[in-house]
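What follows is target25.txt (compact mmCIF, C-alpha atoms).
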# COMPACT_ATOMS: atom_id res chain seq x y z
CA MET F 1 1.31 -6.96 -9.30
CA GLN F 2 4.73 -6.43 -7.89
CA ALA F 3 5.88 -2.90 -8.56
CA GLN F 4 9.22 -2.38 -10.18
CA PRO F 5 11.92 -0.98 -7.91
CA ARG F 6 12.52 2.71 -8.30
CA CYS F 7 16.01 2.45 -9.71
CA PHE F 8 17.47 -0.24 -11.86
CA PRO F 9 20.35 -2.28 -10.51
CA ARG F 10 23.53 -0.30 -10.67
CA VAL F 11 25.72 -3.26 -11.51
CA SER F 12 25.45 -4.99 -14.83
CA ILE F 13 23.82 -8.36 -14.60
CA SER F 14 25.70 -11.05 -16.38
CA PRO F 15 23.52 -13.35 -18.46
CA VAL F 16 25.14 -16.28 -16.71
CA SER F 17 23.80 -15.39 -13.32
CA VAL F 18 20.37 -14.53 -14.66
CA ALA F 19 20.17 -17.83 -16.49
CA LEU F 20 21.36 -19.77 -13.53
CA SER F 21 19.10 -18.01 -11.11
CA THR F 22 16.07 -18.73 -13.20
CA LEU F 23 17.11 -22.34 -13.62
CA MET F 24 17.41 -22.91 -9.93
CA SER F 25 14.02 -22.50 -8.37
CA GLY F 26 15.27 -21.09 -5.13
CA PRO F 27 17.71 -21.35 -2.27
CA ASN F 28 17.84 -24.74 -0.65
CA GLY F 29 18.66 -25.90 2.81
CA ASP F 30 22.09 -26.88 3.87
CA ASP F 31 21.92 -30.36 2.41
CA MET F 32 21.34 -30.47 -1.30
CA PRO F 33 18.21 -32.45 -2.02
CA SER F 34 18.31 -34.79 -4.96
CA ASP F 35 16.71 -32.64 -7.66
CA SER F 36 19.04 -29.79 -6.87
CA GLN F 37 21.90 -32.21 -7.13
CA ASN F 38 20.65 -33.25 -10.54
CA MET F 39 20.49 -29.61 -11.51
CA PHE F 40 24.05 -29.24 -10.33
CA PHE F 41 25.25 -31.98 -12.63
CA VAL F 42 23.18 -30.73 -15.52
CA MET F 43 24.68 -27.30 -15.21
CA LEU F 44 28.17 -28.72 -14.98
CA VAL F 45 27.72 -29.87 -18.53
CA VAL F 46 27.11 -26.34 -19.73
CA PHE F 47 29.16 -24.20 -17.41
CA PRO F 48 32.57 -24.74 -15.82
CA MET F 49 32.73 -25.92 -12.24
CA SER F 50 33.90 -22.65 -10.83
CA ILE F 51 30.87 -20.76 -12.06
CA VAL F 52 28.43 -23.41 -10.88
CA VAL F 53 29.92 -23.51 -7.40
CA CYS F 54 29.99 -19.75 -7.30
CA VAL F 55 26.35 -19.48 -8.22
CA GLN F 56 25.36 -22.12 -5.71
CA LEU F 57 27.19 -20.28 -2.99
CA ALA F 58 25.58 -17.04 -4.01
CA LEU F 59 22.15 -18.64 -3.88
CA HIS F 60 22.88 -20.03 -0.45
CA VAL F 61 23.93 -16.62 0.81
CA PHE F 62 20.87 -15.04 -0.74
CA GLY F 63 18.71 -17.61 0.96
CA ASP F 64 20.29 -16.77 4.30
CA LEU F 65 19.66 -13.09 3.83
CA LEU F 66 16.09 -13.66 2.75
CA ASP F 67 15.41 -15.95 5.69
CA SER F 68 16.67 -13.43 8.16
CA ILE F 69 14.54 -10.71 6.58
CA ILE F 70 11.51 -12.99 6.71
CA VAL F 71 12.10 -13.57 10.40
CA ASP F 72 12.35 -9.80 10.90
CA VAL F 73 9.04 -9.18 9.15
CA ALA F 74 7.34 -12.00 11.02
CA SER F 75 8.55 -10.84 14.40
CA GLU F 76 7.50 -7.29 13.70
CA CYS F 77 4.02 -8.37 12.65
CA HIS F 78 3.82 -10.58 15.70
CA ARG F 79 4.76 -7.69 17.94
CA ILE F 80 2.21 -5.36 16.41
CA VAL F 81 -0.55 -7.91 16.68
CA ARG F 82 0.18 -8.95 20.24
CA LEU F 83 0.52 -5.39 21.47
CA GLY F 84 -2.83 -4.54 19.99
CA LEU F 85 -1.38 -1.86 17.75
CA GLU F 86 -3.09 -3.33 14.71
CA ARG F 87 -6.42 -1.62 14.96
CA ASN F 88 -7.71 -2.88 11.65
CA LEU F 89 -7.60 -6.47 12.71
CA ASP F 90 -11.27 -6.84 13.45
CA GLU F 91 -12.54 -3.70 11.72
CA GLU F 92 -12.07 -5.16 8.33
CA GLU F 93 -14.35 -8.08 8.86
CA GLU F 94 -16.88 -5.75 10.42
CA GLU F 95 -16.79 -3.55 7.34
CA LEU F 96 -16.97 -6.52 5.03
CA ARG F 97 -20.00 -7.73 6.89
CA LEU F 98 -21.69 -4.35 6.76
CA SER F 99 -21.07 -3.89 3.08
CA ALA F 100 -22.37 -7.39 2.35
CA GLN F 101 -25.41 -6.55 4.39
CA ALA F 102 -25.99 -3.32 2.49
CA ARG F 103 -25.62 -5.08 -0.80
CA ALA F 104 -28.16 -7.68 0.27
CA ARG F 105 -30.55 -4.97 1.25
CA ILE F 106 -30.38 -3.39 -2.17
CA ALA F 107 -30.73 -6.64 -4.03
CA ASP F 108 -33.76 -7.50 -1.98
CA PRO F 109 -36.82 -6.73 -4.13
CA SER F 110 -39.20 -6.36 -1.22
CA ASN F 111 -37.32 -3.36 -0.08
CA ASN F 112 -39.05 -0.19 -1.19
CA VAL F 113 -37.72 2.36 -3.56
CA GLU F 114 -40.95 3.96 -4.68
CA ALA F 115 -43.42 2.39 -2.30
CA ASN F 116 -42.36 4.79 0.36
CA GLY F 117 -43.62 7.81 -1.50
CA LYS F 118 -41.15 10.59 -1.92
CA TYR F 119 -38.59 9.18 0.42
CA VAL F 120 -35.97 6.85 -1.00
CA VAL F 121 -34.09 4.58 1.36
CA ASP F 122 -30.37 4.38 0.59
CA ILE F 123 -27.99 1.52 1.36
CA PHE F 124 -27.37 2.73 4.89
CA GLY F 125 -31.03 2.84 5.65
CA GLN F 126 -31.20 6.61 5.70
CA THR F 127 -33.76 8.78 3.98
CA HIS F 128 -33.15 12.24 2.63
CA PRO F 129 -35.87 14.84 1.94
CA PRO F 130 -36.00 15.96 -1.68
CA VAL F 131 -35.02 19.49 -0.73
CA ALA F 132 -32.19 20.01 1.70
CA ASN F 133 -33.63 21.73 4.71
CA GLU F 134 -30.67 23.03 6.66
CA ILE F 135 -30.91 26.78 7.28
CA PHE F 136 -27.99 29.20 7.28
CA ASP F 137 -27.21 32.82 6.48
CA CYS F 138 -26.39 34.10 3.01
CA MET F 139 -22.97 35.71 3.03
CA ASN F 140 -23.98 38.27 0.45
CA CYS F 141 -27.17 39.75 1.76
CA GLY F 142 -27.22 38.28 5.23
CA ARG F 143 -30.65 36.73 5.12
CA SER F 144 -31.58 33.31 6.48
CA ILE F 145 -31.80 30.92 3.57
CA MET F 146 -32.72 27.27 3.33
CA ALA F 147 -29.92 25.18 1.82
CA GLY F 148 -32.07 23.73 -0.95
CA ARG F 149 -33.11 27.21 -2.01
CA PHE F 150 -29.65 28.70 -1.80
CA ALA F 151 -28.67 28.55 -5.47
CA PRO F 152 -31.77 30.36 -6.80
CA HIS F 153 -31.38 32.88 -4.02
CA LEU F 154 -27.78 33.53 -4.97
CA GLU F 155 -28.79 34.06 -8.55
CA LYS F 156 -31.05 36.86 -7.56
CA CYS F 157 -28.81 38.10 -4.85
CA MET F 158 -25.56 38.32 -6.79
CA GLY F 159 -26.90 39.37 -10.15
CA LYS F 160 -26.45 36.30 -12.29
CA GLY F 161 -30.12 35.96 -13.22
CA ARG F 162 -32.20 38.02 -15.66
CA LYS F 163 -34.11 40.17 -13.23
CA ALA F 164 -31.15 40.86 -11.03
CA ARG F 165 -29.08 41.96 -13.99
CA LEU F 166 -31.90 44.15 -15.19
CA LYS F 167 -32.15 45.65 -11.75
CA ALA F 168 -28.44 46.37 -11.64
CA THR F 169 -28.05 47.76 -15.14
CA ARG F 170 -31.28 49.69 -14.96
CA SER F 171 -30.05 51.66 -12.05
CA SER F 172 -26.63 52.22 -13.67
CA THR F 173 -28.00 53.35 -17.06
CA ALA F 174 -30.51 55.51 -15.31
CA ALA F 175 -27.68 57.23 -13.57
CA GLN F 176 -25.79 57.67 -16.87
CA ASN F 177 -28.80 59.08 -18.66
CA ARG F 178 -29.56 61.50 -15.96
CA TYR F 179 -26.10 62.95 -16.13
CA SER F 180 -25.29 62.91 -19.81
CA ARG F 181 -28.42 63.53 -21.81
CA GLY F 182 -30.98 65.02 -19.55
CA SER F 183 -33.64 63.00 -21.35
CA PRO F 184 -36.36 61.22 -19.43
CA VAL F 185 -35.34 58.14 -17.63
CA SER F 186 -35.48 55.31 -20.06
CA THR F 187 -36.58 51.93 -19.05
CA TYR F 188 -34.92 50.18 -21.95
CA SER F 189 -31.85 48.18 -21.22
CA PRO F 190 -29.21 48.27 -23.93
CA TYR F 191 -28.33 44.62 -23.34
CA SER F 192 -31.53 42.81 -22.77
CA SER F 193 -33.35 41.95 -25.95
CA THR F 194 -36.44 40.34 -24.52
CA ALA F 195 -37.18 43.29 -22.30
CA SER F 196 -37.26 45.57 -25.35
CA ILE F 197 -39.55 43.21 -27.16
CA ASN F 198 -41.89 43.06 -24.23
CA ARG F 199 -42.16 46.78 -23.75
CA LEU F 200 -42.70 47.78 -27.34
CA SER F 201 -46.43 47.72 -27.15
CA ASN F 202 -47.01 49.25 -30.55
CA GLY F 203 -46.61 45.86 -32.09
CA ASN F 204 -43.25 46.57 -33.50
CA PRO F 205 -41.06 43.80 -32.30
CA ARG F 206 -37.63 45.11 -32.90
CA VAL F 207 -34.73 43.30 -31.49
CA ALA F 208 -32.39 45.62 -29.70
CA THR F 209 -28.78 44.81 -30.35
CA GLY F 210 -25.91 45.31 -28.01
CA GLU F 211 -24.82 48.46 -29.78
CA CYS F 212 -28.01 50.30 -29.12
CA SER F 213 -26.72 52.57 -26.49
CA ASN F 214 -28.87 55.59 -26.39
CA GLY F 215 -31.85 53.87 -24.98
CA THR F 216 -34.59 55.92 -26.51
CA VAL F 217 -37.27 54.47 -28.65
CA GLU F 218 -37.21 55.31 -32.28
CA GLU F 219 -40.29 55.20 -34.33
CA PRO F 220 -39.72 53.64 -37.74
CA MET B 221 34.43 -41.09 20.61
CA SER B 222 35.60 -39.15 23.62
CA THR B 223 37.27 -40.95 26.52
CA LYS B 224 36.70 -38.25 29.07
CA PRO B 225 34.20 -39.02 31.81
CA VAL B 226 30.86 -37.38 31.45
CA PHE B 227 29.06 -36.01 34.47
CA HIS B 228 25.28 -36.34 34.88
CA LYS B 229 23.32 -34.87 37.69
CA THR B 230 21.77 -37.69 39.67
CA ASN B 231 18.97 -37.84 42.14
CA LYS B 232 21.29 -38.55 45.01
CA SER B 233 23.47 -35.50 44.72
CA HIS B 234 20.85 -32.86 43.86
CA PRO B 235 17.35 -33.93 44.85
CA TRP B 236 15.75 -30.60 43.99
CA ARG B 237 17.17 -30.71 40.46
CA ALA B 238 16.06 -34.19 39.59
CA SER B 239 14.27 -33.04 36.48
CA ILE B 240 17.38 -31.60 34.85
CA LYS B 241 19.12 -33.83 32.44
CA ARG B 242 21.73 -31.97 30.54
CA PRO B 243 23.51 -33.48 27.57
CA PRO B 244 27.24 -33.73 28.05
CA THR B 245 29.23 -30.65 27.10
CA PRO B 246 30.79 -31.15 23.69
CA ASP B 247 34.54 -31.45 23.71
CA ALA B 248 36.68 -28.79 22.18
CA GLU B 249 38.67 -31.41 20.32
CA GLU B 250 35.73 -32.52 18.23
CA ASP B 251 35.41 -29.15 16.58
CA GLN B 252 38.96 -29.09 15.43
CA ASP B 253 38.62 -32.39 13.60
CA ARG B 254 35.90 -31.07 11.35
CA GLU B 255 36.81 -29.05 8.28
CA PRO B 256 34.81 -25.89 7.90
CA THR B 257 32.79 -26.11 4.74
CA LEU B 258 33.17 -23.64 1.93
CA GLN B 259 29.84 -22.15 2.82
CA GLU B 260 30.96 -21.52 6.36
CA ILE B 261 34.19 -19.92 5.21
CA ILE B 262 32.34 -17.62 2.88
CA ASN B 263 29.83 -16.77 5.58
CA ILE B 264 32.57 -15.81 7.99
CA LYS B 265 34.27 -13.68 5.38
CA LEU B 266 31.03 -11.95 4.56
CA ILE B 267 30.34 -11.11 8.16
CA GLU B 268 33.86 -10.03 9.00
CA SER B 269 34.13 -7.68 6.08
CA GLY B 270 30.76 -6.14 6.84
CA GLU B 271 29.45 -7.05 3.43
CA LYS B 272 26.70 -9.25 4.80
CA GLU B 273 25.16 -6.34 6.64
CA LYS B 274 25.30 -4.16 3.54
CA LEU B 275 23.74 -6.85 1.40
CA LYS B 276 21.01 -7.39 3.95
CA GLU B 277 20.22 -3.68 4.00
CA LEU B 278 20.17 -3.56 0.23
CA LEU B 279 17.83 -6.52 0.04
CA ARG B 280 15.58 -5.09 2.69
CA GLU B 281 15.37 -1.77 0.87
CA ARG B 282 14.54 -3.38 -2.46
CA LEU B 283 11.90 -5.60 -0.95
CA ILE B 284 10.22 -2.65 0.72
CA GLU B 285 10.26 -0.66 -2.53
CA CYS B 286 8.62 -3.37 -4.54
CA GLY B 287 5.87 -3.96 -2.01
CA TRP B 288 6.97 -7.41 -0.98
CA ARG B 289 7.05 -6.48 2.66
CA ASP B 290 3.49 -5.16 2.55
CA GLU B 291 2.33 -8.39 0.96
CA MET B 292 3.94 -10.38 3.74
CA LYS B 293 2.38 -8.17 6.39
CA ALA B 294 -1.02 -8.64 4.77
CA LEU B 295 -0.49 -12.40 4.88
CA CYS B 296 0.37 -12.16 8.55
CA ARG B 297 -2.71 -10.11 9.26
CA ALA B 298 -4.96 -12.53 7.40
CA PHE B 299 -3.48 -15.47 9.26
CA THR B 300 -3.84 -13.70 12.59
CA ARG B 301 -7.45 -12.86 11.89
CA LYS B 302 -8.14 -16.49 11.21
CA LYS B 303 -6.24 -17.89 14.13
CA GLY B 304 -7.13 -15.36 16.77
CA ARG B 305 -4.96 -12.59 18.13
CA ASP B 306 -3.60 -14.33 21.19
CA ASN B 307 -2.83 -17.67 19.64
CA VAL B 308 -0.26 -16.49 17.15
CA THR B 309 3.43 -17.22 17.60
CA VAL B 310 6.44 -15.98 15.68
CA ASP B 311 7.09 -19.50 14.46
CA ASP B 312 3.61 -19.67 13.00
CA LEU B 313 4.11 -16.45 11.12
CA VAL B 314 7.51 -17.50 9.83
CA ARG B 315 6.05 -20.77 8.65
CA VAL B 316 3.21 -18.94 6.91
CA ILE B 317 5.39 -16.37 5.20
CA THR B 318 8.39 -18.41 4.12
CA PRO B 319 7.11 -20.34 1.09
CA LYS B 320 5.19 -17.44 -0.38
CA GLY B 321 7.97 -15.02 0.50
CA ARG B 322 10.70 -16.99 -1.19
CA ALA B 323 8.62 -17.45 -4.31
CA SER B 324 7.48 -13.88 -4.67
CA VAL B 325 10.79 -12.04 -4.63
CA PRO B 326 10.93 -10.13 -7.93
CA ASP B 327 13.47 -11.41 -10.41
CA SER B 328 15.22 -8.08 -10.77
CA VAL B 329 15.81 -7.86 -7.04
CA LYS B 330 17.11 -11.39 -6.93
CA ALA B 331 19.38 -10.85 -9.88
CA GLU B 332 20.81 -7.68 -8.41
CA LEU B 333 21.60 -9.31 -5.12
CA LEU B 334 23.08 -12.39 -6.74
CA GLN B 335 25.32 -10.21 -8.87
CA ARG B 336 26.55 -8.33 -5.81
CA ILE B 337 27.22 -11.56 -3.96
CA ARG B 338 29.05 -13.08 -6.89
CA ALA B 339 31.17 -9.98 -7.22
CA PHE B 340 32.09 -10.26 -3.56
CA LEU B 341 32.91 -13.93 -3.93
CA GLN B 342 35.18 -13.24 -6.84
CA THR B 343 37.11 -10.54 -5.05
CA ALA B 344 37.26 -12.11 -1.63
CA ALA B 345 37.38 -15.82 -1.84
CA LEU B 346 37.77 -17.58 -5.12

Give the structure from the file, written as structure tokens.
Amino acid sequence: MQAQPRCFPRVSISPVSVALSTLMSGPNGDDMPSDSQNMFFVMLVVFPMSIVVCVQLALHVFGDLLDSIIVDVASECHRIVRLGLERNLDEEEEELRLSAQARARIADPSNNVEANGKYVVDIFGQTHPPVANEIFDCMNCGRSIMAGRFAPHLEKCMGKGRKARLKATRSSTAAQNRYSRGSPVSTYSPYSSTASINRLSNGNPRVATGECSNGTVEEP
Amino acid sequence: MSTKPVFHKTNKSHPWRASIKRPPTPDAEEDQDREPTLQEIINIKLIESGEKEKLKELLRERLIECGWRDEMKALCRAFTRKKGRDNVTVDDLVRVITPKGRASVPDSVKAELLQRIRAFLQTAAL
């Protein structure tokens, strides 16, 4: 779970020091305890004295550095805690308690999900109406709309839906026809197939394709 | 060992300081008899050349990068929460952090530092 450092060590690591550092469990105090002494003699068999002493010294120095960094971290944490700068100190247990409470409330079978009728109680004990009832103004047409009804309203308002599109194109094709052909205003949309089917009352269901552009009805 | 007289503060001379009992000041001669150990020599060389400070900064940077420092701070926070905010001392925190801290230094960080230290030893001392 320890993340790797961003950059790899710039110096090459000799296998000797890696081997020795993994053999020795960690930096010791000033006096060598007995098992470290045993390790010392064991290593003397494999490596020459100079290397063993060197590694031991290096481990001692490393231990010093690490100890002083540990003291730094400890004193900084101590300072933050005593000055009251650690605001999460008690919050966390409060949150843990609340979430445990919420979980208990859900797991509890006596607690109603359907018994309450339409209203479902969520883990915070709140209920929400099935349709959102906040009211605001539509930015397209400016009317007051209820939030739960906003999407259907926008469909009509902005021309995504069937009727709105019909409305829009009807007025535009009507304008075209008036100018170009002088023929009576046609109510047939060149795009909408179902509208054509509906209006052909002579029982001739003919599907109007997208290319049908002149908009007049042709008798077969 | 030393033949010089040692002065203690007694009740008769300083009644208002009766509670003070200082150990005798160590003689300067005693220090000169003792040979500085190899570790002490190396330590002095490290400090004088400024290498110790650089190594410490390098170690600190690596430990922050790998998240070790955050782990230690989380340990401190957990201990503080258990013990109570006003009862915590620096010694407590050091005692809590040290075993886990020494064990959880990543191997790559340790190897890098050891290599740097060994390089210094080879150039400076041995």

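The spacing separating CA of Ala298 (chain B) from CA of Ala323 (chain B) amounts to 18.6 Å.
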
Practice problem: Report as a VMD selection string the set of chain B residues whose atoms approach chain F to within 9 Å, with distances computed over only C-alpha atoms. | Solution: chain B and resid 258 to 259 262 to 263 272 275 to 276 279 to 280 282 to 289 292 to 293 296 to 298 300 to 301 305 to 306 308 to 314 317 to 318 321 to 338 341 to 342 346

Write out the residues from the selection above, keeping C-alpha atoms, as a JSON list (two decimals), keeping the file's coordinate frame.
[["chain", "number", "residue", "atom", "x", "y", "z"],
["B", 258, "LEU", "CA", 33.17, -23.64, 1.93],
["B", 259, "GLN", "CA", 29.84, -22.15, 2.82],
["B", 262, "ILE", "CA", 32.34, -17.62, 2.88],
["B", 263, "ASN", "CA", 29.83, -16.77, 5.58],
["B", 272, "LYS", "CA", 26.70, -9.25, 4.80],
["B", 275, "LEU", "CA", 23.74, -6.85, 1.40],
["B", 276, "LYS", "CA", 21.01, -7.39, 3.95],
["B", 279, "LEU", "CA", 17.83, -6.52, 0.04],
["B", 280, "ARG", "CA", 15.58, -5.09, 2.69],
["B", 282, "ARG", "CA", 14.54, -3.38, -2.46],
["B", 283, "LEU", "CA", 11.90, -5.60, -0.95],
["B", 284, "ILE", "CA", 10.22, -2.65, 0.72],
["B", 285, "GLU", "CA", 10.26, -0.66, -2.53],
["B", 286, "CYS", "CA", 8.62, -3.37, -4.54],
["B", 287, "GLY", "CA", 5.87, -3.96, -2.01],
["B", 288, "TRP", "CA", 6.97, -7.41, -0.98],
["B", 289, "ARG", "CA", 7.05, -6.48, 2.66],
["B", 292, "MET", "CA", 3.94, -10.38, 3.74],
["B", 293, "LYS", "CA", 2.38, -8.17, 6.39],
["B", 296, "CYS", "CA", 0.37, -12.16, 8.55],
["B", 297, "ARG", "CA", -2.71, -10.11, 9.26],
["B", 298, "ALA", "CA", -4.96, -12.53, 7.40],
["B", 300, "THR", "CA", -3.84, -13.70, 12.59],
["B", 301, "ARG", "CA", -7.45, -12.86, 11.89],
["B", 305, "ARG", "CA", -4.96, -12.59, 18.13],
["B", 306, "ASP", "CA", -3.60, -14.33, 21.19],
["B", 308, "VAL", "CA", -0.26, -16.49, 17.15],
["B", 309, "THR", "CA", 3.43, -17.22, 17.60],
["B", 310, "VAL", "CA", 6.44, -15.98, 15.68],
["B", 311, "ASP", "CA", 7.09, -19.50, 14.46],
["B", 312, "ASP", "CA", 3.61, -19.67, 13.00],
["B", 313, "LEU", "CA", 4.11, -16.45, 11.12],
["B", 314, "VAL", "CA", 7.51, -17.50, 9.83],
["B", 317, "ILE", "CA", 5.39, -16.37, 5.20],
["B", 318, "THR", "CA", 8.39, -18.41, 4.12],
["B", 321, "GLY", "CA", 7.97, -15.02, 0.50],
["B", 322, "ARG", "CA", 10.70, -16.99, -1.19],
["B", 323, "ALA", "CA", 8.62, -17.45, -4.31],
["B", 324, "SER", "CA", 7.48, -13.88, -4.67],
["B", 325, "VAL", "CA", 10.79, -12.04, -4.63],
["B", 326, "PRO", "CA", 10.93, -10.13, -7.93],
["B", 327, "ASP", "CA", 13.47, -11.41, -10.41],
["B", 328, "SER", "CA", 15.22, -8.08, -10.77],
["B", 329, "VAL", "CA", 15.81, -7.86, -7.04],
["B", 330, "LYS", "CA", 17.11, -11.39, -6.93],
["B", 331, "ALA", "CA", 19.38, -10.85, -9.88],
["B", 332, "GLU", "CA", 20.81, -7.68, -8.41],
["B", 333, "LEU", "CA", 21.60, -9.31, -5.12],
["B", 334, "LEU", "CA", 23.08, -12.39, -6.74],
["B", 335, "GLN", "CA", 25.32, -10.21, -8.87],
["B", 336, "ARG", "CA", 26.55, -8.33, -5.81],
["B", 337, "ILE", "CA", 27.22, -11.56, -3.96],
["B", 338, "ARG", "CA", 29.05, -13.08, -6.89],
["B", 341, "LEU", "CA", 32.91, -13.93, -3.93],
["B", 342, "GLN", "CA", 35.18, -13.24, -6.84],
["B", 346, "LEU", "CA", 37.77, -17.58, -5.12]]

Quiz item: Between F:Ser36, F:Asn140, F:Gln126, F:Asn133, which one has atoms that come closest to Lys156 (chain F), using all atoms listed in the file?
Solution: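 Of the candidates, the smallest distance to Lys156 (chain F) is held by F:Asn140.
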
Practice problem: May I ask for the distance between CA of Lys274 (chain B) and CA of Arg315 (chain B), given in Å to one decimal place? | Solution: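 These two atoms are separated by 25.9 Å.
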
Quiz prompt | Distance of CA of Met158 (chain F) from CA of Met146 (chain F), expressed in Å to one decimal place | solution =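 If I compute the distance from CA of Met146 (chain F) to CA of Met158 (chain F), I get 16.6 Å.
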